[in-house]
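Contents: one structure, followed by commentary.
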Amino acid sequence: MYELHNRDCLEVLAELAELADDSIDLVATDPPYYQVKDDDWDNQWASPGEFLDWLEQVVSQCARVLKPTGSLYLFASPRMAATVEVMIARHLRVENHLVWIKPSGMHKRQNRAMLRRFFPATERIIFAANRALSDTKAQHLAMANACSSIIKYFRSALADAGMTQSDINQAFGSQMAGHWFGRSQWKLPNEQQYTRLQDLLNGHLNRPYVELKSEVNRLCNTGCRLVKRPFDVGGREWYTDAWVCPPVQHYPGKHPCEKPMAMMKHIVTASSLPGGVVLDPFMGGGTTGVAAVTTGRKFLGCELDGEYFNAARTRISEAVNAVAS
């Protein structure tokens, strides 16, 4: 149900190449921001360019292992978010630049007269999708694959009647034959169109329309659902690109960059299906892992710091046990 690595994520991602590309449903991660925290792990690069070069190695590996229907959510600081987004766009299709608005935080304690720029009360999340196929093309492909038996039925009727798609287009005065007899953008004609096709094809389309439509719906419900990129924010508070959410309050052992559990569960359930694989290359204290396993997903996590790795392992193990009990 989960697999954790106390190692550099680039090493682990490189090993994933030996397992399989297109194996991850969702990447949800909070990498170092670059000189936001005083910790050594956030100050190990000599320049912003060096930091971006390193982060691009991680993003390119994440893009490689994502399924065609996969998504990525990557947290970034307000100052670096624009350049991080441009970098991500070289590998994935950026869908949103999300803004996490904190109603409480360090901005409440600032001496405003001493500020030399606007103090950040937000963090940014770059939401991107695999661009191997657009959603529209993926759905067309899924429709054709799922309904291949129906397409064969239409094509056979056309051949048996000794007609071509051009003949159908001429009879209808439109260019719809490619949708009814082809694969690239196949669709079922409506009942009136189907009745006319039956007459034109001399009865070779002999199945009742109601039966045919029911079968198409059944095939698409099972076949198309698995190809379309998961995205579900129905009935949720966070459905726009601005999320108001309190930060995690301090507690003993808290990771300095821990993200709210509610936010991570929202990301996991909005952009993956139960049973899918969630990857966090910088899992810190394990919040993404807990969000994944408690919502029925599998989890793959990496964390280089031994102390936080052990804390994450404990939290995720306890979450798994709680779900099982």
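Naming works like this for the structure tokens: A, B, ... for the chains as they're shown, residue 1 at the start of each chain, ligands 1 onward in shown order.
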TODO: Determine which residues of stretch 128-303 of chain A DSSP labels as strand (DSSP E) from the backbone of this structure, then write them out as a PyMOL selection string.
DONE: chain A and resi 128-129+242-244+277-280+298-302
- [ ] Please identify all polymer residues within 9 Å of A:Phe75, counting only C-alpha atoms, omitting same-chain residues fewer than 6 positions from it, and present them as a ChimeraX atom specification.
- [x] /A:28-33,81,123-127
Export N, CA and C atoms of the chosen residues as a PDB file, in the first residue's frame?
```
ATOM      1  N   ALA A  28       2.313  14.924  -5.893  1.00  0.00           N
ATOM      2  CA  ALA A  28       1.931  16.036  -5.018  1.00  0.00           C
ATOM      3  C   ALA A  28       3.095  16.270  -4.071  1.00  0.00           C
ATOM      4  N   THR A  29       3.778  17.402  -4.217  1.00  0.00           N
ATOM      5  CA  THR A  29       5.031  17.546  -3.490  1.00  0.00           C
ATOM      6  C   THR A  29       5.351  18.992  -3.146  1.00  0.00           C
ATOM      7  N   ASP A  30       6.154  19.141  -2.111  1.00  0.00           N
ATOM      8  CA  ASP A  30       6.551  20.443  -1.578  1.00  0.00           C
ATOM      9  C   ASP A  30       8.074  20.470  -1.482  1.00  0.00           C
ATOM     10  N   PRO A  31       8.755  20.807  -2.575  1.00  0.00           N
ATOM     11  CA  PRO A  31      10.221  20.788  -2.561  1.00  0.00           C
ATOM     12  C   PRO A  31      10.778  22.002  -1.823  1.00  0.00           C
ATOM     13  N   PRO A  32      12.096  22.054  -1.616  1.00  0.00           N
ATOM     14  CA  PRO A  32      12.696  23.277  -1.071  1.00  0.00           C
ATOM     15  C   PRO A  32      12.311  24.489  -1.918  1.00  0.00           C
ATOM     16  N   TYR A  33      12.182  25.650  -1.271  1.00  0.00           N
ATOM     17  CA  TYR A  33      11.746  26.869  -1.966  1.00  0.00           C
ATOM     18  C   TYR A  33      12.902  27.736  -2.450  1.00  0.00           C
ATOM     19  N   ALA A  81       7.869  31.383  -7.765  1.00  0.00           N
ATOM     20  CA  ALA A  81       6.806  30.631  -8.431  1.00  0.00           C
ATOM     21  C   ALA A  81       6.748  30.870  -9.939  1.00  0.00           C
ATOM     22  N   GLU A 123       1.262  31.156  -0.386  1.00  0.00           N
ATOM     23  CA  GLU A 123       2.205  30.289  -1.089  1.00  0.00           C
ATOM     24  C   GLU A 123       1.544  29.901  -2.402  1.00  0.00           C
ATOM     25  N   ARG A 124       2.321  29.369  -3.329  1.00  0.00           N
ATOM     26  CA  ARG A 124       1.802  29.065  -4.656  1.00  0.00           C
ATOM     27  C   ARG A 124       1.898  27.558  -4.924  1.00  0.00           C
ATOM     28  N   ILE A 125       0.968  27.084  -5.709  1.00  0.00           N
ATOM     29  CA  ILE A 125       0.950  25.674  -6.111  1.00  0.00           C
ATOM     30  C   ILE A 125       0.783  25.639  -7.618  1.00  0.00           C
ATOM     31  N   ILE A 126       1.741  25.062  -8.321  1.00  0.00           N
ATOM     32  CA  ILE A 126       1.633  24.924  -9.768  1.00  0.00           C
ATOM     33  C   ILE A 126       0.968  23.576 -10.063  1.00  0.00           C
ATOM     34  N   PHE A 127      -0.176  23.648 -10.704  1.00  0.00           N
ATOM     35  CA  PHE A 127      -0.949  22.457 -11.058  1.00  0.00           C
ATOM     36  C   PHE A 127      -0.763  22.208 -12.548  1.00  0.00           C
TER      37      PHE A 127
END
```
Open item on the list: Report as a ChimeraX atom specification all protein, DNA and RNA residues lying within 7 Å of A:Arg93, evaluated on only C-alpha atoms, omitting residues in the same chain fewer than 4 positions from it.
Closed with: /A:89,128-131
Export of the given selection (N, CA and C atoms) as a PDB file, in the first residue's frame:
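Dumped everything to selection36.pdb:
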```pdb
ATOM      1  N   ALA A  89       6.480  24.178 -17.339  1.00  0.00           N
ATOM      2  CA  ALA A  89       5.806  24.199 -18.642  1.00  0.00           C
ATOM      3  C   ALA A  89       6.651  23.597 -19.755  1.00  0.00           C
ATOM      4  N   ALA A 128      -0.230  21.043 -12.885  1.00  0.00           N
ATOM      5  CA  ALA A 128       0.064  20.723 -14.281  1.00  0.00           C
ATOM      6  C   ALA A 128      -0.391  19.310 -14.609  1.00  0.00           C
ATOM      7  N   ALA A 129      -0.627  19.066 -15.881  1.00  0.00           N
ATOM      8  CA  ALA A 129      -1.077  17.762 -16.353  1.00  0.00           C
ATOM      9  C   ALA A 129      -0.102  17.234 -17.390  1.00  0.00           C
ATOM     10  N   ASN A 130      -0.070  15.924 -17.530  1.00  0.00           N
ATOM     11  CA  ASN A 130       0.736  15.320 -18.573  1.00  0.00           C
ATOM     12  C   ASN A 130       0.208  15.787 -19.923  1.00  0.00           C
ATOM     13  N   ARG A 131       1.097  16.208 -20.799  1.00  0.00           N
ATOM     14  CA  ARG A 131       0.650  16.710 -22.094  1.00  0.00           C
ATOM     15  C   ARG A 131       0.829  15.690 -23.212  1.00  0.00           C
TER      16      ARG A 131
END
```
TODO: Could you check which of A:Gly182, A:Gly234, A:Pro247, A:Gly70 is closest to A:Tyr153, using only C-alpha atoms?
DONE: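 Looking only at the distances to A:Tyr153, the closest residue turns out to be A:Gly182.
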- [ ] Tell me which of A:Leu300, A:Ile101, A:Met1, A:Met176 sits closest to A:Met263, counting only C-alpha atoms.
- [x]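 That would be A:Ile101, the residue with the smallest distance to A:Met263.
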Open item on the list: Please report the interatomic distance between atom CA of A:Ala144 and atom CA of A:Trp186 in Å with one decimal.
Closed with: 6.1 Å
Cut-off 10 Å: closest stretch 214-287 of chain A/stretch 52-62 of chain A atom pairs per residue, using only C-alpha atoms, as JSON lines:
```
{"residue": "A:Leu279", "atom": "CA", "partner": "A:Cys62", "partner_atom": "CA", "distance": 8.7}
{"residue": "A:Asp280", "atom": "CA", "partner": "A:Cys62", "partner_atom": "CA", "distance": 9.7}
{"residue": "A:Pro281", "atom": "CA", "partner": "A:Val58", "partner_atom": "CA", "distance": 8.3}
```
Limited to N, CA and C atoms, could you put the picked residues into a file as a PDB file, in the first residue's frame?
```pdb
ATOM      1  N   LEU A 279       2.798   9.976  -5.714  1.00  0.00           N
ATOM      2  CA  LEU A 279       4.238  10.129  -5.472  1.00  0.00           C
ATOM      3  C   LEU A 279       4.513  11.474  -4.824  1.00  0.00           C
ATOM      4  N   ASP A 280       5.331  11.461  -3.755  1.00  0.00           N
ATOM      5  CA  ASP A 280       5.842  12.686  -3.157  1.00  0.00           C
ATOM      6  C   ASP A 280       7.352  12.544  -3.010  1.00  0.00           C
ATOM      7  N   PRO A 281       8.132  13.182  -3.898  1.00  0.00           N
ATOM      8  CA  PRO A 281       9.596  13.069  -3.822  1.00  0.00           C
ATOM      9  C   PRO A 281      10.203  13.776  -2.621  1.00  0.00           C
TER      10      PRO A 281
END
```
TODO: Go through A:Ala14, A:Val244, A:Ile150, A:Ala63 one by one, measure the shortest atom-to-atom distance of each to A:Pro260 using only C-alpha atoms, and give the residue with the smallest value.
DONE: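 Among the listed residues, A:Val244 lies closest to A:Pro260.
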Distance table requested - stretch 80-195 of chain A against stretch 206-215 of chain A, cut-off 9 Å, only C-alpha atoms: one row per qualifying residue with the closest atom pair and its distance in Å to one decimal, ordered by chain and rising residue number, as a Markdown table.
```
| residue | atom | partner | partner_atom | distance |
| --- | --- | --- | --- | --- |
| A:Cys147 | CA | A:Glu215 | CA | 8.8 |
| A:Ile150 | CA | A:Leu212 | CA | 8.1 |
| A:Ala157 | CA | A:Asn206 | CA | 8.9 |
| A:Leu188 | CA | A:Lys213 | CA | 7.6 |
| A:Asn190 | CA | A:Tyr209 | CA | 8.7 |
| A:Glu191 | CA | A:Tyr209 | CA | 6.4 |
| A:Tyr194 | CA | A:Tyr209 | CA | 7.3 |
| A:Thr195 | CA | A:Tyr209 | CA | 8.2 |
```
TODO: Extract, using only C-alpha atoms, all DNA, RNA and protein residues at most 9 Å from stretch 106-110 of chain A, discarding same-chain residues fewer than 6 positions from it, and format them as an MDAnalysis selection string.
DONE: chainID A and resid 119:121
Write out the residues from the selection above, keeping N, CA and C atoms, as a CSV table (one decimal), in the first residue's frame.
```
chain,number,residue,atom,x,y,z
A,119,PHE,N,4.7,42.0,2.4
A,119,PHE,CA,5.0,40.7,3.0
A,119,PHE,C,4.1,39.6,2.5
A,120,PRO,N,4.7,38.5,2.2
A,120,PRO,CA,3.9,37.4,1.6
A,120,PRO,C,3.0,36.7,2.6
A,121,ALA,N,1.7,36.6,2.3
A,121,ALA,CA,0.7,35.9,3.1
A,121,ALA,C,0.2,34.7,2.3
```
- [ ] Skip A:Thr287 itself and residues of its chain fewer than 4 positions away, then list as an NGL selection string all residues within 10 Å of it, counting only C-alpha atoms.
- [x] :A and (29 or 255 or 258-265 or 280 or 283 or 291-292 or 312 or 315-316)
For the residues in the current selection, export C-alpha atoms as a tab-separated table (two decimals), in the first residue's frame.
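again.tsv, freshly written:
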```
chain	number	residue	atom	x	y	z
A	29	THR	CA	5.03	17.55	-3.49
A	255	HIS	CA	8.30	19.79	9.93
A	258	GLU	CA	4.25	20.90	6.82
A	259	LYS	CA	1.16	21.44	4.72
A	260	PRO	CA	-2.42	21.20	6.04
A	261	MET	CA	-3.91	17.71	5.89
A	262	ALA	CA	-7.19	19.05	4.50
A	263	MET	CA	-5.35	20.65	1.58
A	264	MET	CA	-3.37	17.53	0.74
A	265	LYS	CA	-6.49	15.33	0.91
A	280	ASP	CA	5.84	12.69	-3.16
A	283	MET	CA	7.54	13.87	1.71
A	291	ALA	CA	-3.65	11.79	2.78
A	292	ALA	CA	-3.07	9.11	0.15
A	312	ALA	CA	6.77	10.11	8.24
A	315	ARG	CA	2.60	8.56	10.75
A	316	ILE	CA	1.84	6.65	7.56
```
Task: alpha helix (DSSP H) call set, DSSP backbone run, stretch 24-261 of chain A, as an NGL selection string - done: :A and (48-65 or 81-88 or 135-146 or 148-160 or 165-172 or 177-181 or 191-200 or 209-223 or 261)
Task: Distance criterion (only C-alpha atoms): nearest to A:Cys220 out of A:Arg116, A:His266, A:His97, A:Lys187 - done: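 For A:Cys220, the nearest of the given residues is A:Lys187.
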- [ ] May I ask which of the residues A:Val36, A:Ile24, A:Val278, A:Leu197 is the closest one to A:Leu66, counting only C-alpha atoms?
- [x] A:Ile24
TODO: Would you please work out which residue, of A:Glu303, A:Leu98, A:Ala319, A:Ala46, is nearest to A:Val12 when using only C-alpha atoms?
DONE: A:Glu303
Open item on the list: Give me the residues near A:Glu3 as a list in words, where near means some atom within 10 Å (using only C-alpha atoms) and where sequence neighbours in that chain fewer than 3 positions away do not count.
Closed with: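 Returned residues: Leu279, Gly289, Lys298, Phe299, Leu300, Gly301, Cys302 and Arg313 of chain A.
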Keeping C-alpha atoms, export the residues of the selection given above as a compact mmCIF listing (two decimals), in the first residue's frame.
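Result went into part33.txt, see below:
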```txt
# COMPACT_ATOMS: atom_id res chain seq x y z
CA LEU A 279 4.24 10.13 -5.47
CA GLY A 289 1.38 9.87 2.40
CA LYS A 298 -1.12 3.82 -2.86
CA PHE A 299 1.86 5.95 -1.91
CA LEU A 300 5.49 6.25 -2.94
CA GLY A 301 7.53 8.70 -0.87
CA CYS A 302 11.14 9.90 -0.61
CA ARG A 313 7.10 6.34 8.35
```
TODO: Please provide the set of residues having any atom within 10 Å of A:Pro230, restricted to only C-alpha atoms, with same-chain residues fewer than 6 positions apart removed, written as a list in words.
DONE: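 What passes the distance filter is Asp25, Leu26, Thr69, Gly70, Ser71, Thr269, Ala270, Ser271, Ser272 and Leu273 of chain A.
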With C-alpha atoms retained, could you export that selection as a compact mmCIF listing (two decimals), in the first residue's frame?
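That gives us out.txt:
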```txt
# COMPACT_ATOMS: atom_id res chain seq x y z
CA ASP A 25 -1.15 8.79 -11.23
CA LEU A 26 -0.37 11.90 -9.20
CA THR A 69 -3.74 10.88 -17.34
CA GLY A 70 -1.43 12.01 -14.54
CA SER A 71 -1.23 15.36 -12.73
CA THR A 269 -8.94 13.13 -4.10
CA ALA A 270 -9.44 15.82 -6.76
CA SER A 271 -6.77 14.48 -9.11
CA SER A 272 -6.52 10.72 -8.55
CA LEU A 273 -8.83 7.74 -8.31
```
Open item on the list: Just the number, please: distance in Å from atom CA of A:Lys67 to atom CA of A:Leu92, one decimal.
Closed with: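 Result for atom CA of A:Lys67 versus atom CA of A:Leu92: 11.7 Å, one decimal.
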